[in-house]
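Participant: input.cif is the file, holding mmCIF, C-alpha atoms:
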data_work
loop_
_atom_site.label_atom_id
_atom_site.label_comp_id
_atom_site.auth_asym_id
_atom_site.auth_seq_id
_atom_site.Cartn_x
_atom_site.Cartn_y
_atom_site.Cartn_z
CA MET A 15 8.96 0.63 -2.04
CA ALA A 16 10.22 -2.63 -0.60
CA ARG A 17 13.79 -2.65 0.68
CA THR A 18 16.68 -3.87 -1.37
CA THR A 19 19.30 -6.07 0.28
CA PRO A 20 22.65 -4.28 -0.15
CA THR A 21 24.78 -7.40 -0.27
CA GLY A 22 22.25 -9.90 -1.65
CA GLU A 23 22.32 -13.42 -0.30
CA GLY A 24 25.20 -12.60 2.02
CA ARG A 25 22.84 -10.79 4.36
CA ASP A 26 21.05 -14.07 5.18
CA CYS A 27 24.08 -15.38 7.04
CA ARG A 28 24.82 -17.99 9.67
CA SER A 29 25.42 -15.34 12.32
CA THR A 30 21.91 -13.97 11.82
CA ILE A 31 20.39 -17.43 12.19
CA ALA A 32 22.46 -18.06 15.30
CA ALA A 33 21.26 -14.77 16.79
CA PHE A 34 17.65 -15.74 16.11
CA ASN A 35 18.22 -19.09 17.77
CA LEU A 36 19.50 -17.31 20.85
CA ALA A 37 16.55 -14.90 20.84
CA ILE A 38 14.04 -17.74 20.62
CA GLN A 39 15.64 -19.59 23.49
CA LYS A 40 15.31 -16.55 25.75
CA SER A 41 11.67 -16.04 26.64
CA LEU A 42 12.19 -12.58 28.12
CA PRO A 43 10.48 -9.19 27.72
CA GLY A 44 11.86 -7.30 24.76
CA ARG A 45 12.22 -10.40 22.59
CA LEU A 46 10.27 -8.70 19.78
CA ASP A 47 12.75 -5.81 19.78
CA ARG A 48 15.63 -8.24 19.33
CA TRP A 49 13.88 -9.96 16.44
CA LEU A 50 13.14 -6.65 14.74
CA GLN A 51 16.74 -5.58 15.14
CA LEU A 52 17.81 -8.71 13.30
CA VAL A 53 15.25 -8.09 10.56
CA VAL A 54 16.58 -4.57 10.03
CA GLU A 55 20.17 -5.85 10.00
CA ALA A 56 19.19 -8.44 7.36
CA GLY A 57 17.66 -5.75 5.16
CA GLY A 58 14.19 -7.27 5.55
CA SER A 59 10.84 -5.61 5.02
CA ASP A 60 8.56 -7.88 7.09
CA LEU A 61 8.73 -10.20 10.08
CA LEU A 62 6.18 -13.04 10.12
CA LEU A 63 5.42 -14.87 13.36
CA VAL A 64 3.14 -17.87 12.92
CA SER A 65 2.50 -20.74 15.31
CA GLY A 66 4.18 -23.94 14.13
CA ALA A 67 6.67 -22.10 11.91
CA PRO A 68 10.00 -20.42 12.60
CA PRO A 69 10.25 -16.61 12.56
CA SER A 70 10.56 -15.58 8.92
CA VAL A 71 11.78 -12.41 7.26
CA ARG A 72 10.81 -11.11 3.84
CA ILE A 73 13.80 -9.89 1.82
CA ASP A 74 13.28 -8.62 -1.73
CA GLY A 75 9.82 -10.15 -1.72
CA ARG A 76 10.95 -13.65 -0.70
CA LEU A 77 10.39 -15.30 2.67
CA ARG A 78 13.35 -16.84 4.44
CA PRO A 79 13.26 -18.72 7.75
CA LEU A 80 15.77 -17.34 10.18
CA ALA A 81 15.78 -20.18 12.69
CA PRO A 82 15.06 -23.91 12.65
CA GLU A 83 12.89 -23.91 15.79
CA PRO A 84 9.16 -23.20 15.30
CA LEU A 85 7.25 -20.83 17.54
CA ASP A 86 4.09 -21.69 19.42
CA GLY A 87 1.05 -19.43 19.74
CA ALA A 88 1.85 -18.39 23.31
CA ALA A 89 5.32 -17.20 22.30
CA VAL A 90 3.88 -15.13 19.44
CA GLU A 91 1.23 -13.53 21.64
CA GLU A 92 3.53 -12.82 24.57
CA SER A 93 6.11 -11.22 22.33
CA VAL A 94 3.76 -8.95 20.41
CA VAL A 95 1.04 -7.95 22.88
CA GLU A 96 3.53 -6.11 25.07
CA ALA A 97 4.33 -3.83 22.12
CA LEU A 98 0.70 -2.82 21.51
CA PRO A 99 -0.86 0.37 22.88
CA GLU A 100 -3.87 -0.07 25.13
CA TYR A 101 -6.51 0.55 22.44
CA ALA A 102 -4.93 -2.12 20.19
CA ARG A 103 -4.76 -4.62 23.03
CA ASN A 104 -8.46 -4.05 23.64
CA CYS A 105 -9.18 -4.60 19.93
CA TYR A 106 -7.25 -7.85 19.98
CA GLU A 107 -8.92 -9.09 23.15
CA SER A 108 -12.41 -8.26 21.90
CA GLY A 109 -12.12 -9.02 18.19
CA GLY A 110 -8.98 -11.09 17.71
CA VAL A 111 -7.33 -8.52 15.41
CA ALA A 112 -5.22 -5.44 16.16
CA ASP A 113 -3.30 -2.95 14.03
CA ALA A 114 -0.85 -0.50 15.55
CA SER A 115 2.37 1.36 14.96
CA TYR A 116 5.42 0.61 17.09
CA SER A 117 8.63 2.60 17.48
CA ILE A 118 12.11 1.58 18.60
CA ALA A 119 14.42 4.56 19.00
CA SER A 120 17.47 2.87 17.52
CA LEU A 121 15.66 1.06 14.70
CA GLY A 122 12.71 3.15 13.51
CA ARG A 123 8.98 2.55 13.18
CA PHE A 124 7.03 -0.63 12.48
CA ARG A 125 3.45 -1.53 11.60
CA ILE A 126 2.08 -4.44 13.62
CA ASN A 127 -0.86 -6.63 12.67
CA LEU A 128 -1.67 -9.18 15.38
CA HIS A 129 -4.39 -11.65 14.46
CA ARG A 130 -5.47 -15.26 14.89
CA GLU A 131 -5.27 -18.15 12.45
CA ARG A 132 -6.24 -21.75 13.16
CA ARG A 133 -7.18 -20.52 16.65
CA GLN A 134 -3.60 -19.45 17.31
CA PRO A 135 -2.03 -15.97 17.52
CA ALA A 136 0.00 -14.80 14.53
CA ALA A 137 1.62 -11.52 13.58
CA ALA A 138 2.85 -9.68 10.51
CA ILE A 139 5.17 -6.77 11.28
CA ARG A 140 6.41 -4.38 8.61
CA ALA A 141 9.45 -2.11 8.89
CA LEU A 142 8.47 1.42 7.90
CA PRO A 143 10.99 3.62 6.09
CA THR A 144 12.45 6.44 8.13
CA ARG A 145 11.81 9.07 5.46
CA VAL A 146 9.15 9.77 2.87
CA PRO A 147 10.44 8.93 -0.63
CA ARG A 148 10.00 11.21 -3.63
CA LEU A 149 8.09 9.89 -6.62
CA ALA A 150 11.19 10.01 -8.82
CA GLU A 151 12.87 7.47 -6.52
CA LEU A 152 10.16 4.82 -6.88
CA GLY A 153 10.73 3.88 -10.51
CA LEU A 154 7.14 4.62 -11.55
CA PRO A 155 6.24 6.18 -14.92
CA ALA A 156 6.63 9.96 -14.89
CA SER A 157 2.95 10.66 -15.53
CA ILE A 158 2.08 9.46 -12.00
CA GLU A 159 3.24 12.93 -10.91
CA LEU A 160 0.08 14.31 -12.57
CA LEU A 161 -1.92 12.93 -9.65
CA SER A 162 -0.28 15.42 -7.29
CA ARG A 163 -1.47 18.32 -9.48
CA LEU A 164 -5.17 17.46 -9.65
CA PRO A 165 -7.37 20.22 -8.20
CA HIS A 166 -10.15 17.97 -6.85
CA GLY A 167 -11.86 14.62 -7.26
CA LEU A 168 -11.31 11.05 -6.06
CA VAL A 169 -8.07 9.20 -6.82
CA LEU A 170 -7.95 5.46 -6.08
CA ILE A 171 -4.71 3.49 -5.81
CA GLY A 172 -5.15 -0.27 -6.04
CA GLY A 173 -2.86 -3.23 -5.59
CA PRO A 174 -2.42 -6.39 -3.54
CA THR A 175 -1.05 -6.36 -0.01
CA GLY A 176 2.63 -5.40 0.01
CA SER A 177 2.57 -3.85 -3.46
CA GLY A 178 3.75 -0.41 -2.33
CA LYS A 179 0.40 1.43 -2.44
CA SER A 180 1.03 3.30 0.80
CA THR A 181 4.53 4.27 -0.33
CA THR A 182 3.24 5.65 -3.62
CA LEU A 183 0.51 7.56 -1.83
CA ALA A 184 3.00 9.01 0.65
CA ALA A 185 5.26 10.08 -2.23
CA ILE A 186 2.33 11.85 -3.94
CA VAL A 187 1.57 13.68 -0.70
CA ALA A 188 5.26 14.62 -0.47
CA GLU A 189 5.08 16.17 -3.96
CA ILE A 190 2.12 18.31 -2.92
CA ASN A 191 3.78 19.18 0.37
CA ALA A 192 6.98 20.35 -1.33
CA ARG A 193 5.18 22.50 -3.90
CA ASP A 194 1.74 23.73 -2.86
CA PRO A 195 0.47 25.78 0.11
CA ARG A 196 -2.44 23.43 0.79
CA HIS A 197 -4.01 21.92 3.90
CA ILE A 198 -3.66 18.12 3.88
CA VAL A 199 -5.36 15.75 6.31
CA THR A 200 -4.30 12.10 6.34
CA ILE A 201 -6.36 9.41 8.10
CA GLU A 202 -4.52 6.13 8.65
CA ASP A 203 -4.59 2.93 10.69
CA PRO A 204 -1.81 3.15 11.70
CA ILE A 205 0.24 6.12 10.43
CA GLU A 206 3.01 4.74 8.23
CA TYR A 207 4.96 7.77 7.00
CA LEU A 208 5.53 10.89 9.08
CA HIS A 209 5.33 14.10 7.02
CA ALA A 210 7.01 17.34 8.08
CA ASN A 211 5.26 20.56 7.03
CA GLN A 212 6.89 22.26 4.04
CA SER A 213 4.79 24.36 1.67
CA ALA A 214 1.70 22.56 2.95
CA ILE A 215 0.28 22.07 6.44
CA ILE A 216 -0.28 18.38 7.13
CA GLU A 217 -2.41 16.93 9.91
CA GLN A 218 -2.05 13.17 10.44
CA VAL A 219 -4.89 11.38 12.22
CA GLU A 220 -4.31 7.85 13.55
CA ILE A 221 -7.30 5.60 14.03
CA GLY A 222 -7.54 4.27 17.59
CA ILE A 223 -5.53 7.17 19.00
CA ASP A 224 -6.87 10.38 17.43
CA ALA A 225 -10.23 9.05 16.21
CA PRO A 226 -12.27 5.88 16.83
CA ASP A 227 -12.78 4.87 13.18
CA PHE A 228 -12.46 6.00 9.57
CA PRO A 229 -16.00 7.40 9.13
CA SER A 230 -15.73 9.52 12.29
CA ALA A 231 -12.30 10.83 11.31
CA LEU A 232 -13.41 11.57 7.75
CA ARG A 233 -16.50 13.47 8.88
CA ALA A 234 -14.40 15.48 11.31
CA SER A 235 -11.82 16.29 8.62
CA LEU A 236 -14.46 17.98 6.48
CA ARG A 237 -14.92 20.56 9.25
CA GLN A 238 -11.19 21.37 9.20
CA ALA A 239 -11.19 23.13 5.79
CA PRO A 240 -8.86 20.63 4.06
CA ASP A 241 -7.78 20.92 0.44
CA VAL A 242 -6.51 17.33 0.29
CA ILE A 243 -7.78 14.32 2.25
CA VAL A 244 -5.90 11.02 2.36
CA VAL A 245 -7.92 8.00 3.51
CA GLY A 246 -5.46 5.20 4.21
CA GLU A 247 -7.85 2.49 3.09
CA MET A 248 -11.44 2.18 1.87
CA ARG A 249 -12.70 -0.44 4.33
CA ASP A 250 -16.44 0.07 4.62
CA PRO A 251 -19.38 1.57 2.71
CA GLU A 252 -19.75 4.49 5.11
CA THR A 253 -16.16 5.61 4.56
CA MET A 254 -16.65 5.23 0.81
CA ARG A 255 -19.87 7.26 0.88
CA ILE A 256 -18.29 10.17 2.77
CA ALA A 257 -15.16 10.10 0.57
CA LEU A 258 -17.32 10.27 -2.57
CA ALA A 259 -19.28 13.20 -1.17
CA ALA A 260 -16.05 15.01 -0.24
CA ALA A 261 -14.64 14.52 -3.75
CA GLU A 262 -17.86 15.79 -5.31
CA THR A 263 -17.78 18.96 -3.20
CA GLY A 264 -14.36 20.16 -4.29
CA HIS A 265 -11.83 18.25 -2.20
CA LEU A 266 -8.99 16.17 -3.61
CA VAL A 267 -9.39 12.75 -1.98
CA PHE A 268 -6.85 9.90 -2.20
CA SER A 269 -7.39 6.37 -0.97
CA THR A 270 -6.16 2.81 -1.48
CA VAL A 271 -8.06 -0.39 -2.29
CA HIS A 272 -6.88 -4.01 -2.25
CA THR A 273 -7.46 -4.81 -5.92
CA THR A 274 -5.46 -5.87 -8.98
CA ASP A 275 -6.52 -3.58 -11.84
CA ALA A 276 -8.47 -0.40 -12.58
CA ALA A 277 -11.73 -2.18 -13.37
CA SER A 278 -11.73 -4.25 -10.17
CA THR A 279 -10.84 -1.13 -8.15
CA VAL A 280 -13.96 0.70 -9.29
CA ALA A 281 -16.07 -2.46 -9.02
CA ARG A 282 -14.92 -2.97 -5.42
CA ILE A 283 -16.36 0.40 -4.41
CA ALA A 284 -19.73 -0.10 -6.10
CA ASP A 285 -20.07 -3.74 -5.02
CA SER A 286 -19.56 -2.80 -1.37
CA PHE A 287 -23.07 -1.33 -1.29
CA PRO A 288 -26.44 -3.11 -1.30
CA THR A 289 -27.64 -4.05 -4.78
CA GLU A 290 -30.40 -1.46 -4.83
CA ARG A 291 -27.91 1.34 -4.10
CA GLN A 292 -25.26 0.35 -6.62
CA PRO A 293 -26.68 2.29 -9.61
CA THR A 294 -26.65 5.48 -7.50
CA ILE A 295 -23.10 4.81 -6.29
CA ARG A 296 -21.96 4.29 -9.88
CA GLN A 297 -23.46 7.66 -10.81
CA GLU A 298 -21.58 9.29 -7.93
CA LEU A 299 -18.37 7.50 -8.88
CA ALA A 300 -18.74 8.63 -12.48
CA MET A 301 -18.95 12.23 -11.29
CA ALA A 302 -16.28 12.14 -8.57
CA LEU A 303 -13.58 9.77 -9.86
CA THR A 304 -10.61 11.53 -11.43
CA ALA A 305 -7.98 8.80 -11.72
CA VAL A 306 -7.41 5.12 -10.95
CA MET A 307 -3.94 3.65 -10.59
CA THR A 308 -2.97 0.09 -9.72
CA GLN A 309 0.46 -1.35 -9.11
CA GLN A 310 2.38 -4.50 -8.23
CA LEU A 311 6.00 -5.27 -7.38
CA ILE A 312 8.14 -7.45 -9.67
CA PRO A 313 11.54 -9.03 -8.96
CA LYS A 314 14.25 -6.85 -10.41
CA ILE A 315 17.27 -8.09 -12.37
CA GLY A 316 20.15 -8.09 -9.93
CA GLY A 317 17.96 -8.14 -6.83
CA GLY A 318 15.28 -5.99 -5.26
CA LEU A 319 11.81 -5.16 -6.54
CA VAL A 320 10.48 -2.68 -9.07
CA PRO A 321 6.87 -1.42 -9.43
CA ALA A 322 4.76 -2.05 -12.51
CA ALA A 323 1.63 0.07 -12.78
CA GLU A 324 -1.32 1.12 -14.89
CA LEU A 325 -3.05 4.49 -14.79
CA LEU A 326 -6.43 5.61 -16.05
CA ILE A 327 -7.09 9.34 -16.16
CA VAL A 328 -10.88 9.39 -16.06
CA SER A 329 -12.46 11.22 -18.99
CA TYR A 330 -15.90 11.24 -20.61
CA GLY A 331 -15.62 7.70 -21.98
CA ALA A 332 -14.62 6.14 -18.68
CA ARG A 333 -17.42 7.98 -16.88
CA GLN A 334 -19.94 6.50 -19.29
CA HIS A 335 -18.51 3.02 -18.75
CA ILE A 336 -18.82 3.45 -14.97
CA ARG A 337 -22.46 4.53 -15.27
CA ARG A 338 -23.25 1.52 -17.47
CA ASN A 339 -21.15 -0.87 -15.35
CA ALA A 340 -19.13 -1.69 -18.48
CA LEU A 341 -15.75 -1.66 -16.74
CA GLN A 342 -14.29 -4.21 -19.15
CA HIS A 343 -13.70 -1.25 -21.48
CA PHE A 344 -11.26 0.45 -19.08
CA HIS A 345 -8.24 -1.09 -20.78
CA GLN A 346 -9.27 0.41 -24.09
CA GLU A 347 -9.86 3.76 -22.36
CA MET A 348 -6.25 3.75 -21.13
CA THR A 349 -5.02 3.50 -24.71
CA ILE A 350 -7.43 6.19 -25.90
CA THR A 351 -6.41 8.65 -23.17
CA ARG A 352 -2.62 8.20 -23.35
CA ARG A 353 -2.35 11.86 -24.35
CA LEU A 354 -3.84 12.74 -20.93
CA GLY A 355 -1.26 10.64 -19.10
CA SER A 356 -2.95 7.22 -18.99
CA PHE A 357 -0.93 4.07 -19.64
CA THR A 358 -1.59 0.34 -19.54
CA LEU A 359 0.19 -2.27 -17.48
CA GLU A 360 1.61 -3.61 -20.74
CA ASP A 361 3.04 -0.17 -21.57
CA CYS A 362 4.80 -0.13 -18.22
CA LEU A 363 6.06 -3.72 -18.48
CA THR A 364 7.46 -2.95 -21.93
CA GLN A 365 9.48 -0.05 -20.57
CA LEU A 366 10.77 -2.16 -17.69
CA VAL A 367 11.96 -4.87 -20.10
CA LYS A 368 13.43 -2.25 -22.42
CA GLY A 369 15.34 -0.72 -19.51
CA LYS A 370 16.65 -4.16 -18.53
CA LEU A 371 15.02 -3.86 -15.11
CA ILE A 372 12.98 -7.08 -15.32
CA GLU A 373 13.22 -10.32 -17.28
CA LYS A 374 10.90 -10.80 -20.24
CA HIS A 375 9.33 -13.92 -18.71
CA GLU A 376 8.44 -11.92 -15.59
CA ALA A 377 6.66 -9.36 -17.78
CA PHE A 378 4.57 -12.05 -19.49
CA THR A 379 3.72 -13.62 -16.14
CA ARG A 380 2.28 -10.31 -14.90
CA ALA A 381 0.64 -9.06 -18.11
CA ALA A 382 -3.17 -8.98 -18.27
CA HIS A 383 -3.00 -8.83 -22.09
CA PRO A 384 0.03 -10.92 -23.15
CA ASP A 385 -0.71 -10.57 -26.89
CA GLU A 386 -0.55 -6.81 -26.56
CA LEU A 387 2.67 -7.06 -24.57
CA ASP A 388 4.17 -9.28 -27.25
CA GLN A 389 3.36 -6.69 -29.93
CA LEU A 390 4.86 -3.86 -27.87
CA LEU A 391 8.05 -5.83 -27.22
CA ARG A 392 8.38 -6.71 -30.90
CA ARG A 393 8.12 -3.02 -31.71
CA ILE A 394 11.03 -2.03 -29.48
CA ALA A 395 13.08 -4.97 -30.80
CA ASP A 396 12.72 -3.80 -34.44
#
Kindly present the structure from the file in structure tokens form.
Facilitator:
Amino acid sequence: MARTTPTGEGRDCRSTIAAFNLAIQKSLPGRLDRWLQLVVEAGGSDLLLVSGAPPSVRIDGRLRPLAPEPLDGAAVEESVVEALPEYARNCYESGGVADASYSIASLGRFRINLHRERRQPAAAIRALPTRVPRLAELGLPASIELLSRLPHGLVLIGGPTGSGKSTTLAAIVAEINARDPRHIVTIEDPIEYLHANQSAIIEQVEIGIDAPDFPSALRASLRQAPDVIVVGEMRDPETMRIALAAAETGHLVFSTVHTTDAASTVARIADSFPTERQPTIRQELAMALTAVMTQQLIPKIGGGLVPAAELLIVSYGARQHIRRNALQHFHQEMTITRRLGSFTLEDCLTQLVKGKLIEKHEAFTRAAHPDELDQLLRRIAD
């Protein structure tokens, strides 16, 4: 999940700011490396470079400026473009957006997104953990582990940007890798976590380097006899269509979607298709979908972040709701299928409050059904 600052506020110190000031003053090659070194030293998770603003680091979910001087667009572009591989530079020059991974031997790996806003270059750069975490380390409810034991079907993991979806997905893959002799193919843009073969054999395909796009990579993966396919993100209808077909034909397919709850996750897939095709897609989803999980990160008491999640194990009732486009009933389905491993966001928030991991007011801020949360909290207080 997101990094925790070991010494809290003390990491955001005057010496770090002074070092950033020095780095900004020196317009030399390698400036990005110096900035990233300072981000790592500050315990940050992201570096944001935006024209008209100072370089900013995200620590425990909060942005902090690390220098008084703002950057201009030329400084952002010059600093970041030199770190991009050729294919990413071409993407940026032709379309104004580029995603790529970047490695610094002494610091680790980073995910770069270079884009334009208000006609100026801007960048968001995320520090990638050096090892794949295990599920037990993430603080998620124990029943999430069930997802690693599914034999086939489509599993969707939703959440906003920066909510830890990729980390959870990598941890699920790590569970399979440690336990099962299966063939796993991951398709990512870019690769975030590097997996070493254990019980499983894992092939990791990076878009732009190993394959031109998600649909091409996904089609090719089906000819490689995979047991498990990981699609880093559902970005387009063609990728969704192939992933659905793969799940229906006996593969276990995982993917992520930028959504906030189980209902919106399923709706996002169906709504990506033309109106006349949506009933057919809902039928396919009803047959292929096995589980939907969504998560978000909440400030933790004492510093850091902790995930709050909901999980729907798809059974007969949920399949009928998908076919009828009655997704508003998903919350009720989670309560009905608790015995299968489902749980609501309110269930999870209750346990986080009970464990003194988050403040009660934070739980109510995040709850989709505050009345239900209130009842659950009253129960544990009695």
Participant: Once the PyMOL selection byres ((chain A and resi 309) around 10) is applied to the coordinates I shared, what remains selected? I want it as a CSV table (one decimal) with C-alpha atoms, keeping the file's coordinate frame.
Facilitator:
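Output file result.csv is given in full below:
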chain,number,residue,atom,x,y,z
A,154,LEU,CA,7.1,4.6,-11.6
A,171,ILE,CA,-4.7,3.5,-5.8
A,172,GLY,CA,-5.2,-0.3,-6.0
A,173,GLY,CA,-2.9,-3.2,-5.6
A,174,PRO,CA,-2.4,-6.4,-3.5
A,177,SER,CA,2.6,-3.8,-3.5
A,178,GLY,CA,3.8,-0.4,-2.3
A,179,LYS,CA,0.4,1.4,-2.4
A,182,THR,CA,3.2,5.6,-3.6
A,273,THR,CA,-7.5,-4.8,-5.9
A,274,THR,CA,-5.5,-5.9,-9.0
A,275,ASP,CA,-6.5,-3.6,-11.8
A,276,ALA,CA,-8.5,-0.4,-12.6
A,307,MET,CA,-3.9,3.6,-10.6
A,308,THR,CA,-3.0,0.1,-9.7
A,310,GLN,CA,2.4,-4.5,-8.2
A,311,LEU,CA,6.0,-5.3,-7.4
A,312,ILE,CA,8.1,-7.4,-9.7
A,321,PRO,CA,6.9,-1.4,-9.4
A,322,ALA,CA,4.8,-2.0,-12.5
A,323,ALA,CA,1.6,0.1,-12.8
A,324,GLU,CA,-1.3,1.1,-14.9
A,325,LEU,CA,-3.0,4.5,-14.8
A,359,LEU,CA,0.2,-2.3,-17.5
Participant: Using all atoms listed in the file, which of A:Thr200, A:Thr364, A:Thr379, A:Ser278 sits nearest Glu217 (chain A)?
Facilitator: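 The shortest atom-to-atom distance to Glu217 (chain A) comes from A:Thr200.
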Participant: Take CA of Asp74 (chain A) and CA of His272 (chain A) and report the distance between them in Å, one decimal.
Facilitator: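 One can read the CA of Asp74 (chain A) to CA of His272 (chain A) distance as 20.7 Å.
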Participant: Between A:Phe268, A:Tyr207, A:Val367, A:Arg353, which has the minimum distance to Ala395 (chain A) (counting all atoms listed in the file)?
Facilitator: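 Residue with the minimum atom-to-atom distance to Ala395 (chain A): A:Val367.
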Participant: Counting all atoms listed in the file, figure out which residue out of A:Pro226, A:Gly355, A:Pro384, A:Gly331 gets nearest to His343 (chain A).
Facilitator: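 Of the candidates, the smallest distance to His343 (chain A) is held by A:Gly331.
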Participant: In Å, rounded to a single decimal, give me how far CA of Gly109 (chain A) is from CA of Asp250 (chain A).
Facilitator: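 Computing the Euclidean distance for CA of Asp250 (chain A) and CA of Gly109 (chain A) yields 16.9 Å.
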Participant: So, with only C-alpha atoms as the atoms that count, which of A:Val94, A:Ile139, A:Ala102, A:Ala225 lies closest to Ser59 (chain A)?
Facilitator: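 Of A:Val94, A:Ile139, A:Ala102, A:Ala225, the one nearest Ser59 (chain A), counting only C-alpha atoms, is A:Ile139.
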Participant: Can you list, as a PyMOL selection string, every protein, DNA or RNA residue that comes within 12 Å of Phe287 (chain A) when you count only C-alpha atoms, leaving out same-chain residues fewer than 2 positions away?
Facilitator: chain A and resi 249-255+281-285+289-296
Participant: Would you pick out the contacts of Ser230 (chain A) at 12 Å or less, using all atoms listed in the file, so that residues sharing its chain but fewer than 3 positions from it are not included, and give the list as a PyMOL selection string?
Facilitator: chain A and resi 201+219-222+224-227+233-237+245+252-253+256-257
Participant: Identify which of the residues A:Leu168, A:Ile243, A:Val53, A:Ala114 lies closest to Val328 (chain A), counting only C-alpha atoms when measuring atom-to-atom distances.
Facilitator: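 That would be A:Leu168, the residue with the smallest distance to Val328 (chain A).
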Participant: For each of A:Asp203, A:Glu91, A:Glu347, A:Glu96, take the minimum atom-to-atom distance to Arg125 (chain A), counting only C-alpha atoms, then give the residue where this is smallest.
Facilitator: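 Distance minimum relative to Arg125 (chain A) lands on A:Asp203.
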Participant: Tell me, as a VMD selection string, which residues lie within 8 Å of Arg148 (chain A), counting all atoms listed in the file; anything in the same chain fewer than 2 positions away does not count.
Facilitator: chain A and resid 146 150 to 152 185 to 186 188 to 189
